[in-house]
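Read through the structure below, which is laid out as structure tokens, and then see the notes.
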Protein chains: 4
Amino acid sequence: MAGSTFGNIFKITTWGESHGKGIGVVIDGCPAGLELSETDIQIYLNRRKPGQSKYSTPRKEDDAVEILSGVFEGKTTGTPISLVVFNKNQKSKDYSEIASYYRPGHADYTFDEKYGFRDYRGGGRSSGRETIGRVAAGAVAAKLLKQLGIQFTTYAKSIGPVEITSFDASQIMENPLYMPDAKAAEKASAFLEECMKNQDSAGGIIECIVEGVPVGIGDPVFEKLDANLAKAILSIGAVKGFEIGDGFAVAASMGSTNNDSFAMTDNSIQKLTNHSGGVLGGMTDGSPIIFRAAIKPTPSIAAMQKTVNKSGEEIEISIKGRHDPIIVPRAVVVVEAMAALTILDALLMNMTAKVDNICSFYKK
Amino acid sequence: MAGSTFGNIFKITTWGESHGKGIGVVIDGCPAGLELSETDIQIYLNRRKPGQSKYSTPRKEDDAVEILSGVFEGKTTGTPISLVVFNKNQKSKDYSEIASYYRPGHADYTFDEKYGFRDYRGGGRSSGRETIGRVAAGAVAAKLLKQLGIQFTTYAKSIGPVEITSFDASQIMENPLYMPDAKAAEKASAFLEECMKNQDSAGGIIECIVEGVPVGIGDPVFEKLDANLAKAILSIGAVKGFEIGDGFAVAASMGSTNNDSFAMTDNSIQKLTNHSGGVLGGMTDGSPIIFRAAIKPTPSIAAMQKTVNKSGEEIEISIKGRHDPIIVPRAVVVVEAMAALTILDALLMNMTAKVDNICSFYKK
Amino acid sequence: MAGSTFGNIFKITTWGESHGKGIGVVIDGCPAGLELSETDIQIYLNRRKPGQSKYSTPRKEDDAVEILSGVFEGKTTGTPISLVVFNKNQKSKDYSEIASYYRPGHADYTFDEKYGFRDYRGGGRSSGRETIGRVAAGAVAAKLLKQLGIQFTTYAKSIGPVEITSFDASQIMENPLYMPDAKAAEKASAFLEECMKNQDSAGGIIECIVEGVPVGIGDPVFEKLDANLAKAILSIGAVKGFEIGDGFAVAASMGSTNNDSFAMTDNSIQKLTNHSGGVLGGMTDGSPIIFRAAIKPTPSIAAMQKTVNKSGEEIEISIKGRHDPIIVPRAVVVVEAMAALTILDALLMNMTAKVDNICSFYKK
Amino acid sequence: MAGSTFGNIFKITTWGESHGKGIGVVIDGCPAGLELSETDIQIYLNRRKPGQSKYSTPRKEDDAVEILSGVFEGKTTGTPISLVVFNKNQKSKDYSEIASYYRPGHADYTFDEKYGFRDYRGGGRSSGRETIGRVAAGAVAAKLLKQLGIQFTTYAKSIGPVEITSFDASQIMENPLYMPDAKAAEKASAFLEECMKNQDSAGGIIECIVEGVPVGIGDPVFEKLDANLAKAILSIGAVKGFEIGDGFAVAASMGSTNNDSFAMTDNSIQKLTNHSGGVLGGMTDGSPIIFRAAIKPTPSIAAMQKTVNKSGEEIEISIKGRHDPIIVPRAVVVVEAMAALTILDALLMNMTAKVDNICSFYKK
């Protein structure tokens, strides 16, 4: 199936493998007239760039984006925007070993079973580098959303067992773990040092808050905004769980506490609490959208692991090369990008919800 | 947006409101030659029928399904299957009160904001009765999957604070809460009695295990099987969270324990553990698929709640009529139905993954 | 494949067989707030109803439409509109003969080859009755388009060898052949009488003119308005050709005559001629959209025909029962319905073309 | 709307403008294991390359394709195939004049009205160069189809008033007009010389014959193979009409002659004639698929034309630069490419039509 396309109106198609010629994305359906430069996109890509800290791979890739189409005289034209990051770091490394066996926690085995073979160089299409296309497209979506007054705050809520206990948004960009709590970030750093010594890796939780989305965005039944967010977030490689608002905690709560009362605030309807996470019946309810993603530990670890090779022999392996001991920090911007893509698409879809709006649009 | 359609090849479109003429679904893309009777579907619908126990609404609806098209001489023809359950219980109740205000935890406010008005009778399109279409279609999908050796085990893992501590699949259909642990079911019953006395409601967790899915089902990047399951499950009204395999627990686990080793078992590759929940890189890995859904407490409660009415006045309300104190038991089959629809669609999509398979199919 | 769904935002799914329980359509994505009654739809359905004249089948079917969902207090709610026409004329006729062989010009053979068997009663899903769903949905689209000032004029341009030589729109509804030329209609009637005597059937051409569509509707590249119209029209059973504007005549024309000059008329840009048929580069250009469909002769004829049966024997058959000697008149409204569905969908899609429009919509 | 995506399973997204950095296409959903090289694609691209004869623009563009992803060790991997042709001929020409007015027969006016502005360099996105992406993707589809025994014969049937009177497939590649009749090609050449002298341009008809497609490909109702072919062909810039089999000639034919009788030939069911053009009820019937496209004259002509400029003044213009006096020859391969894409997609869709096939595939 054509699995590399996402979105209905603002539709993106990503392509590229870790060690191929490049990674790219085509955005089809971007409205015309958005001012857009490579810098707008590069700022986002830099947030997922490796080599930013000792917790991420030291490969010094530039990951410089180029706009190949769809922008003229500094503005989007309404036609497809083709973005590419050419791979500069295609070392002629020997991949014969990695080609011969199935790494635990990776997609090597499932790729081989599905397609008969795989591009084994650096994970091929299932590499984390695949997210470059998502982030580049998400940057464009986020720029348009910003003009509509919509803002994202995305951060690491926990790193392994270390959870934030305070929240200061200004701290997020101040530490390499993107935690909004400087002390937690320090503790988490110490924890990760330990992890690396043990040739092991850790997981964590990313939280995303979206403010400024109008009421009524998202559609009932199958195209609920939270359902599409869940798909968007679970489509990121290492994500194993998604929750919105109180999430799994609702299981043990009561209706009387979980329901959010409506009240009049500043002459408008507002919820007094936000257990719902900003979505009721699949449509935004005016409160901030709050959701979380559970990120698994990096599967590539240096510690010895049991597995089988393609000849069906049981073997023990140690995955060489330096790998991030944690996926969370670099995934923060990927989560934000996927949320931006999902919300923009829902906003565009919403414009045709009412006959009155259509008549006004066409001045009838 | 056209939000009532789900699936790519096995595509369903549901329609109908709680108190309209009926609820239905059209299945477009069902393969030809499947033996199908109304009984096959009714068995599934009966699992979500109200009035089964004291924890579900006493309305004695028949919810009898009719096949209107797509089946000829007992078999599906490959053309659209139209299924309908006519509503028999459209009491000429007075809805003027409920029409005037916004129930907390419901979609009344968001519907009004999005569409300008709403069918307020019994929740209209956002009623739990909307799931009839999903369950009817899911029954058809499940029947086809059974022929492929794919089986579902779905149950309540927790009801409010009461979690199962043992697992006996044969118990699931033996208690009205669909718990695989008779003792937990008893405790949960006692807890729900208390809830009802307090005019309150409770949440819980549903777990689903899918066995027999071949390796390699699902697609990389955006159409990962777990991503589509997440969307399918979050699209069910009361779901606030989704996790697969170890889910949110991965956040605090280590790579060395979270990775599932491969080994040779009975001459085939098998994972020794199943932290992944049966999916690696978005494709099935041969282990059972295991996922969970967090279900919020029923928002309709008799206890007094604050809200606002359509005139913008703050009021207090008590929602009349008898409502289930818990959504979980009746949602078990809805979760199973959505999983069946998602997995069948992925299986159909997978048939075109390899040129060799296409050549064999067309005998070239 | 799920082939019974059409449209992107205003999406319809039709279902039903000629001699099953009924024929229906679900419209998903109809904007909220459109006043809609069964009468609005019935008026359209009556235009394709059999038994209107001696050139159409004398079966006196009511074809009365029922709205099952999506309309509340006389207005569309934004949720799926389910429409059904129950079949009243399911005679317990003996179909064993027709089941045994392949009628020339029909889909009997291709259905059997694709699906392994077919609902052979009255053509099953490939019957002309399938168009009931299209016309019902098209009536809803046309009602919304009327509010936007968009009007359709659709008629028989030729019946067999008889072509119109004058055009008087008021004549269209005055003759059973829907010709805008009373004299041509008379000649065509005489021609059809002759056809019937010869146990034969005739084809013809339907023309459709759409006025009032704003400039810029349709999308470049694959979603050109004319490309989508072509698909819509060719998806009608008996259509073998589609052309827009000068159509096939452009092949022998010159650029200097085929190009339409722009000029200023009443202070706005207008084309001086309309060889383009109202579309340039796939987008409407402000002139009326004009297109034609070529309709083949009714394949069911009483004259003897050679064919083979399911046992692979060559036989001669004469198709019994009375069949329309011409499809054109009843297809006029089907062509109009498909055009309405296509144009409305394009209008809805167009609302997100410009960032400025999106910002105005969301008041930013 | 996202208008640059085509196909369901074998899905392509094209991008790029005439004078931007390049033109490309991403193929998402290509099955794994197809041997594919840049040469396979280049052969197709060369058939639409300009500068091949005196009837096409003398710009000596290389139009050399690069594969950026999706192919590993010489075979497709099942992941997106990104193809690009970088533009080498971006002269710093002065476009200020062309930017200021609306060329008759072009999409300048409609682009401006839809998007607020346009990339006016060489037609931007509505340039004929946009078809490079289609042809590149079509080459991949055609290679896979060839393995299934499916072959295309595409040619110019008429050039202006000159129609072929004989058919010799071996002649098609022997003349720059791609006519299967050497004498007609000569006459057509003389006609085009005259055209050029008159600063005018001509149209024509392209015919495509597809052999080897199994019976039953395509889907009933809206996804009829001929409907999708019609959309595919009308989506090509200059096409104004599409017909299949006898096409518009059916209008004046009779059922007794238009119906194709079935007979037993070599122990299999075959049609004795092929008025249907290889499609019955939207599904292939075993006869060759035959369809035609009407191509309008090149709108860019040197002769004086009336138009208006962006200030709303009526002006007279002569379009400078050398332009092909006819689009037909270079469009031949574009028609073939679109047909290949459509038919491959339908073949892939067809694999899930029967439960038996699905069970065999999954060995149950």
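Note on naming: chains are A, B, ... as they come in the structure tokens, residues start from 1 per chain, ligands start from 1 in the order shown.
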
Proximity check chain A to chain C, 9 Å, nearest pairs one decimal Å, only C-alpha atoms, as CSV:
```
residue,atom,partner,partner_atom,distance
A:Asn8,CA,C:Asn8,CA,8.9
A:Ile9,CA,C:Met349,CA,8.1
A:Gly29,CA,C:Ala353,CA,7.8
A:Cys30,CA,C:Ala353,CA,7.7
A:Pro31,CA,C:Lys354,CA,4.8
A:Ala32,CA,C:Lys354,CA,4.7
A:Gly33,CA,C:Val355,CA,5.6
A:Leu34,CA,C:Val355,CA,6.2
A:Thr77,CA,C:Lys354,CA,8.9
A:Gly78,CA,C:Ala353,CA,6.6
A:Thr79,CA,C:Pro220,CA,8.1
A:Leu144,CA,C:Val355,CA,7.9
A:Gln147,CA,C:Lys364,CA,7.0
A:Leu148,CA,C:Lys364,CA,5.5
A:Gly149,CA,C:Lys364,CA,7.3
A:Pro214,CA,C:Tyr362,CA,7.9
A:Pro220,CA,C:Thr79,CA,8.1
A:Leu347,CA,C:Ile358,CA,8.9
A:Leu348,CA,C:Thr352,CA,6.2
A:Met349,CA,C:Ile9,CA,8.1
A:Met351,CA,C:Met351,CA,7.2
A:Thr352,CA,C:Leu348,CA,6.2
A:Ala353,CA,C:Pro31,CA,4.8
A:Lys354,CA,C:Ala32,CA,4.7
A:Val355,CA,C:Pro31,CA,5.4
A:Asp356,CA,C:Gly33,CA,7.2
A:Asn357,CA,C:Phe361,CA,8.4
A:Ile358,CA,C:Leu348,CA,7.7
A:Cys359,CA,C:Leu148,CA,6.3
A:Phe361,CA,C:Met351,CA,7.6
A:Tyr362,CA,C:Leu148,CA,7.0
A:Lys363,CA,C:Leu148,CA,8.1
A:Lys364,CA,C:Leu148,CA,5.6
```

Nearby residues (only C-alpha atoms) at most 7 Å from stretch 270-273 of chain D, same-chain spacing under 2 positions excluded, as an MDAnalysis selection string = chainID D and resid 260:265 268 275 286:287

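Atom CA of C:Ala339 is positioned 26.5 Å from atom CA of D:Val334.
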
Near A:Ile98, within 12 Å and counting only C-alpha atoms, which residues show up once chain neighbours fewer than 6 positions away are dropped, as a ChimeraX atom specification?
-> /A:104,106,108-109,118-124,300,307-310,317-321

With N, CA, C and O atoms retained, export the selected residues as an mmCIF file, in the first residue's frame.
```cif
data_model
loop_
_atom_site.group_PDB
_atom_site.id
_atom_site.type_symbol
_atom_site.label_atom_id
_atom_site.label_comp_id
_atom_site.auth_asym_id
_atom_site.auth_seq_id
_atom_site.Cartn_x
_atom_site.Cartn_y
_atom_site.Cartn_z
ATOM 1 N N PRO A 104 16.916 -7.170 17.220
ATOM 2 C CA PRO A 104 15.733 -7.105 18.091
ATOM 3 C C PRO A 104 15.218 -5.667 18.201
ATOM 4 O O PRO A 104 16.019 -4.728 18.242
ATOM 5 N N HIS A 106 13.923 -3.897 16.049
ATOM 6 C CA HIS A 106 13.934 -3.194 14.769
ATOM 7 C C HIS A 106 12.976 -3.860 13.785
ATOM 8 O O HIS A 106 12.434 -4.928 14.065
ATOM 9 N N ASP A 108 13.797 -5.063 10.844
ATOM 10 C CA ASP A 108 14.529 -5.862 9.844
ATOM 11 C C ASP A 108 13.739 -7.100 9.419
ATOM 12 O O ASP A 108 13.597 -7.378 8.217
ATOM 13 N N TYR A 109 13.265 -7.820 10.413
ATOM 14 C CA TYR A 109 12.558 -9.076 10.125
ATOM 15 C C TYR A 109 11.241 -8.831 9.401
ATOM 16 O O TYR A 109 10.917 -9.492 8.413
ATOM 17 N N ARG A 118 15.395 -6.092 1.997
ATOM 18 C CA ARG A 118 15.319 -4.726 2.511
ATOM 19 C C ARG A 118 16.605 -3.963 2.211
ATOM 20 O O ARG A 118 17.653 -4.558 1.999
ATOM 21 N N ASP A 119 16.490 -2.642 2.208
ATOM 22 C CA ASP A 119 17.657 -1.770 2.176
ATOM 23 C C ASP A 119 18.167 -1.733 3.609
ATOM 24 O O ASP A 119 17.599 -1.061 4.470
ATOM 25 N N TYR A 120 19.232 -2.485 3.865
ATOM 26 C CA TYR A 120 19.690 -2.679 5.254
ATOM 27 C C TYR A 120 20.638 -1.581 5.726
ATOM 28 O O TYR A 120 21.030 -1.554 6.879
ATOM 29 N N ARG A 121 21.012 -0.679 4.814
ATOM 30 C CA ARG A 121 21.995 0.346 5.198
ATOM 31 C C ARG A 121 21.395 1.336 6.197
ATOM 32 O O ARG A 121 20.547 2.142 5.841
ATOM 33 N N GLY A 122 21.808 1.232 7.437
ATOM 34 C CA GLY A 122 21.377 2.192 8.455
ATOM 35 C C GLY A 122 19.888 2.170 8.741
ATOM 36 O O GLY A 122 19.320 3.152 9.188
ATOM 37 N N GLY A 123 19.252 1.050 8.470
ATOM 38 C CA GLY A 123 17.823 0.941 8.759
ATOM 39 C C GLY A 123 16.951 1.253 7.561
ATOM 40 O O GLY A 123 15.741 1.055 7.582
ATOM 41 N N GLY A 124 17.585 1.767 6.504
ATOM 42 C CA GLY A 124 16.841 2.035 5.269
ATOM 43 C C GLY A 124 15.668 2.966 5.504
ATOM 44 O O GLY A 124 15.833 4.060 6.035
ATOM 45 N N SER A 300 18.687 -0.062 19.342
ATOM 46 C CA SER A 300 20.101 -0.353 19.074
ATOM 47 C C SER A 300 20.920 -0.151 20.339
ATOM 48 O O SER A 300 21.125 0.989 20.784
ATOM 49 N N THR A 307 19.587 -13.250 18.965
ATOM 50 C CA THR A 307 18.696 -13.117 17.805
ATOM 51 C C THR A 307 18.962 -14.261 16.828
ATOM 52 O O THR A 307 19.667 -15.214 17.187
ATOM 53 N N VAL A 308 18.398 -14.178 15.639
ATOM 54 C CA VAL A 308 18.658 -15.197 14.614
ATOM 55 C C VAL A 308 19.153 -14.503 13.355
ATOM 56 O O VAL A 308 18.884 -13.316 13.142
ATOM 57 N N ASN A 309 19.888 -15.224 12.548
ATOM 58 C CA ASN A 309 20.316 -14.653 11.264
ATOM 59 C C ASN A 309 19.443 -15.202 10.135
ATOM 60 O O ASN A 309 18.527 -16.000 10.373
ATOM 61 N N LYS A 310 19.732 -14.716 8.937
ATOM 62 C CA LYS A 310 18.871 -15.071 7.812
ATOM 63 C C LYS A 310 18.942 -16.546 7.444
ATOM 64 O O LYS A 310 18.073 -17.058 6.736
ATOM 65 N N ILE A 317 24.496 -10.928 19.310
ATOM 66 C CA ILE A 317 25.053 -9.759 18.621
ATOM 67 C C ILE A 317 25.244 -8.591 19.585
ATOM 68 O O ILE A 317 24.591 -8.506 20.634
ATOM 69 N N SER A 318 26.150 -7.718 19.209
ATOM 70 C CA SER A 318 26.314 -6.435 19.892
ATOM 71 C C SER A 318 26.293 -5.394 18.790
ATOM 72 O O SER A 318 27.091 -5.454 17.849
ATOM 73 N N ILE A 319 25.355 -4.470 18.870
ATOM 74 C CA ILE A 319 25.210 -3.501 17.775
ATOM 75 C C ILE A 319 26.275 -2.415 17.887
ATOM 76 O O ILE A 319 26.369 -1.725 18.900
ATOM 77 N N LYS A 320 27.096 -2.339 16.848
ATOM 78 C CA LYS A 320 28.241 -1.429 16.869
ATOM 79 C C LYS A 320 27.851 0.001 16.501
ATOM 80 O O LYS A 320 26.719 0.273 16.141
ATOM 81 N N GLY A 321 28.788 0.879 16.593
ATOM 82 C CA GLY A 321 28.564 2.278 16.254
ATOM 83 C C GLY A 321 27.935 2.973 17.445
ATOM 84 O O GLY A 321 27.419 2.325 18.362
#
```

Leaving out stretch 125-140 of chain B and any residue of its chain fewer than 3 positions from it, which residues lie within 6 Å of it when counting only C-alpha atoms, given as a PyMOL selection string?
-> chain B and resi 14+17-18+24-25+41+44+143+334+337+340-341

How about saving the chosen residues, all heavy atoms kept, as a PDB file, in the first residue's frame?
```
ATOM      1  N   THR B  14     -20.790   4.617   7.853  1.00  0.00           N
ATOM      2  CA  THR B  14     -21.916   4.456   8.782  1.00  0.00           C
ATOM      3  C   THR B  14     -22.820   5.680   8.716  1.00  0.00           C
ATOM      4  O   THR B  14     -22.401   6.759   8.305  1.00  0.00           O
ATOM      5  CB  THR B  14     -21.429   4.262  10.231  1.00  0.00           C
ATOM      6  OG1 THR B  14     -20.838   5.482  10.694  1.00  0.00           O
ATOM      7  CG2 THR B  14     -20.415   3.136  10.338  1.00  0.00           C
ATOM      8  N   GLU B  17     -28.788   8.348  13.410  1.00  0.00           N
ATOM      9  CA  GLU B  17     -28.799   9.019  14.703  1.00  0.00           C
ATOM     10  C   GLU B  17     -29.566   8.176  15.721  1.00  0.00           C
ATOM     11  O   GLU B  17     -30.409   7.354  15.347  1.00  0.00           O
ATOM     12  CB  GLU B  17     -29.458  10.393  14.591  1.00  0.00           C
ATOM     13  CG  GLU B  17     -28.692  11.371  13.728  1.00  0.00           C
ATOM     14  CD  GLU B  17     -29.069  11.285  12.256  1.00  0.00           C
ATOM     15  OE1 GLU B  17     -30.232  10.917  11.969  1.00  0.00           O
ATOM     16  OE2 GLU B  17     -28.212  11.566  11.409  1.00  0.00           O
ATOM     17  N   SER B  18     -29.264   8.431  16.945  1.00  0.00           N
ATOM     18  CA  SER B  18     -29.867   7.698  18.058  1.00  0.00           C
ATOM     19  C   SER B  18     -31.382   7.546  17.929  1.00  0.00           C
ATOM     20  O   SER B  18     -31.936   6.474  18.102  1.00  0.00           O
ATOM     21  CB  SER B  18     -29.551   8.434  19.357  1.00  0.00           C
ATOM     22  OG  SER B  18     -30.190   7.823  20.427  1.00  0.00           O
ATOM     23  N   GLY B  24     -27.268   2.551  10.247  1.00  0.00           N
ATOM     24  CA  GLY B  24     -26.829   1.605   9.235  1.00  0.00           C
ATOM     25  C   GLY B  24     -25.389   1.783   8.850  1.00  0.00           C
ATOM     26  O   GLY B  24     -24.678   2.669   9.333  1.00  0.00           O
ATOM     27  N   VAL B  25     -24.983   0.903   7.963  1.00  0.00           N
ATOM     28  CA  VAL B  25     -23.624   0.936   7.452  1.00  0.00           C
ATOM     29  C   VAL B  25     -23.633   0.357   6.037  1.00  0.00           C
ATOM     30  O   VAL B  25     -24.407  -0.561   5.749  1.00  0.00           O
ATOM     31  CB  VAL B  25     -22.675   0.134   8.359  1.00  0.00           C
ATOM     32  CG1 VAL B  25     -23.035  -1.340   8.409  1.00  0.00           C
ATOM     33  CG2 VAL B  25     -21.209   0.295   7.940  1.00  0.00           C
ATOM     34  N   ILE B  41     -24.199 -11.486  11.771  1.00  0.00           N
ATOM     35  CA  ILE B  41     -24.035 -10.105  12.223  1.00  0.00           C
ATOM     36  C   ILE B  41     -24.744  -9.893  13.556  1.00  0.00           C
ATOM     37  O   ILE B  41     -24.260  -9.220  14.452  1.00  0.00           O
ATOM     38  CB  ILE B  41     -24.585  -9.142  11.143  1.00  0.00           C
ATOM     39  CG1 ILE B  41     -23.808  -9.364   9.840  1.00  0.00           C
ATOM     40  CG2 ILE B  41     -24.509  -7.702  11.589  1.00  0.00           C
ATOM     41  CD1 ILE B  41     -24.488  -8.808   8.612  1.00  0.00           C
ATOM     42  N   TYR B  44     -22.897 -10.540  16.812  1.00  0.00           N
ATOM     43  CA  TYR B  44     -22.035  -9.441  17.248  1.00  0.00           C
ATOM     44  C   TYR B  44     -22.847  -8.314  17.860  1.00  0.00           C
ATOM     45  O   TYR B  44     -22.503  -7.780  18.908  1.00  0.00           O
ATOM     46  CB  TYR B  44     -21.210  -8.924  16.062  1.00  0.00           C
ATOM     47  CG  TYR B  44     -19.840  -9.526  16.004  1.00  0.00           C
ATOM     48  CD1 TYR B  44     -19.661 -10.847  15.634  1.00  0.00           C
ATOM     49  CD2 TYR B  44     -18.711  -8.782  16.353  1.00  0.00           C
ATOM     50  CE1 TYR B  44     -18.406 -11.420  15.596  1.00  0.00           C
ATOM     51  CE2 TYR B  44     -17.448  -9.340  16.321  1.00  0.00           C
ATOM     52  CZ  TYR B  44     -17.300 -10.657  15.941  1.00  0.00           C
ATOM     53  OH  TYR B  44     -16.052 -11.214  15.923  1.00  0.00           O
ATOM     54  N   LYS B 143     -15.745 -12.371  10.306  1.00  0.00           N
ATOM     55  CA  LYS B 143     -16.069 -13.663   9.695  1.00  0.00           C
ATOM     56  C   LYS B 143     -15.030 -14.019   8.624  1.00  0.00           C
ATOM     57  O   LYS B 143     -14.584 -15.169   8.548  1.00  0.00           O
ATOM     58  CB  LYS B 143     -17.474 -13.629   9.087  1.00  0.00           C
ATOM     59  CG  LYS B 143     -17.840 -14.984   8.492  1.00  0.00           C
ATOM     60  CD  LYS B 143     -19.296 -15.321   8.542  1.00  0.00           C
ATOM     61  CE  LYS B 143     -19.471 -16.828   8.340  1.00  0.00           C
ATOM     62  NZ  LYS B 143     -20.726 -17.169   7.674  1.00  0.00           N
ATOM     63  N   VAL B 334     -17.241  -3.299  20.419  1.00  0.00           N
ATOM     64  CA  VAL B 334     -16.935  -2.197  19.494  1.00  0.00           C
ATOM     65  C   VAL B 334     -15.426  -2.144  19.241  1.00  0.00           C
ATOM     66  O   VAL B 334     -14.974  -1.985  18.097  1.00  0.00           O
ATOM     67  CB  VAL B 334     -17.441  -0.848  20.058  1.00  0.00           C
ATOM     68  CG1 VAL B 334     -17.187   0.269  19.049  1.00  0.00           C
ATOM     69  CG2 VAL B 334     -18.923  -0.914  20.409  1.00  0.00           C
ATOM     70  N   ALA B 337     -14.609  -4.965  16.967  1.00  0.00           N
ATOM     71  CA  ALA B 337     -15.064  -4.692  15.606  1.00  0.00           C
ATOM     72  C   ALA B 337     -14.093  -3.752  14.885  1.00  0.00           C
ATOM     73  O   ALA B 337     -13.715  -3.981  13.728  1.00  0.00           O
ATOM     74  CB  ALA B 337     -16.459  -4.083  15.622  1.00  0.00           C
ATOM     75  N   ALA B 340     -10.977  -5.598  13.991  1.00  0.00           N
ATOM     76  CA  ALA B 340     -11.191  -6.504  12.858  1.00  0.00           C
ATOM     77  C   ALA B 340     -11.187  -5.733  11.538  1.00  0.00           C
ATOM     78  O   ALA B 340     -10.575  -6.154  10.553  1.00  0.00           O
ATOM     79  CB  ALA B 340     -12.511  -7.253  13.030  1.00  0.00           C
ATOM     80  N   LEU B 341     -11.858  -4.596  11.517  1.00  0.00           N
ATOM     81  CA  LEU B 341     -11.910  -3.784  10.299  1.00  0.00           C
ATOM     82  C   LEU B 341     -10.513  -3.327   9.887  1.00  0.00           C
ATOM     83  O   LEU B 341     -10.145  -3.351   8.714  1.00  0.00           O
ATOM     84  CB  LEU B 341     -12.812  -2.565  10.525  1.00  0.00           C
ATOM     85  CG  LEU B 341     -14.309  -2.870  10.677  1.00  0.00           C
ATOM     86  CD1 LEU B 341     -15.046  -1.665  11.243  1.00  0.00           C
ATOM     87  CD2 LEU B 341     -14.907  -3.283   9.337  1.00  0.00           C
TER      88      LEU B 341
END
```

Just asking: which residues within stretch 53-130 of chain A are helix (DSSP H, G or I) according to DSSP, as a PyMOL selection string?
-> chain A and resi 96-100+108-115+121-126+128-130
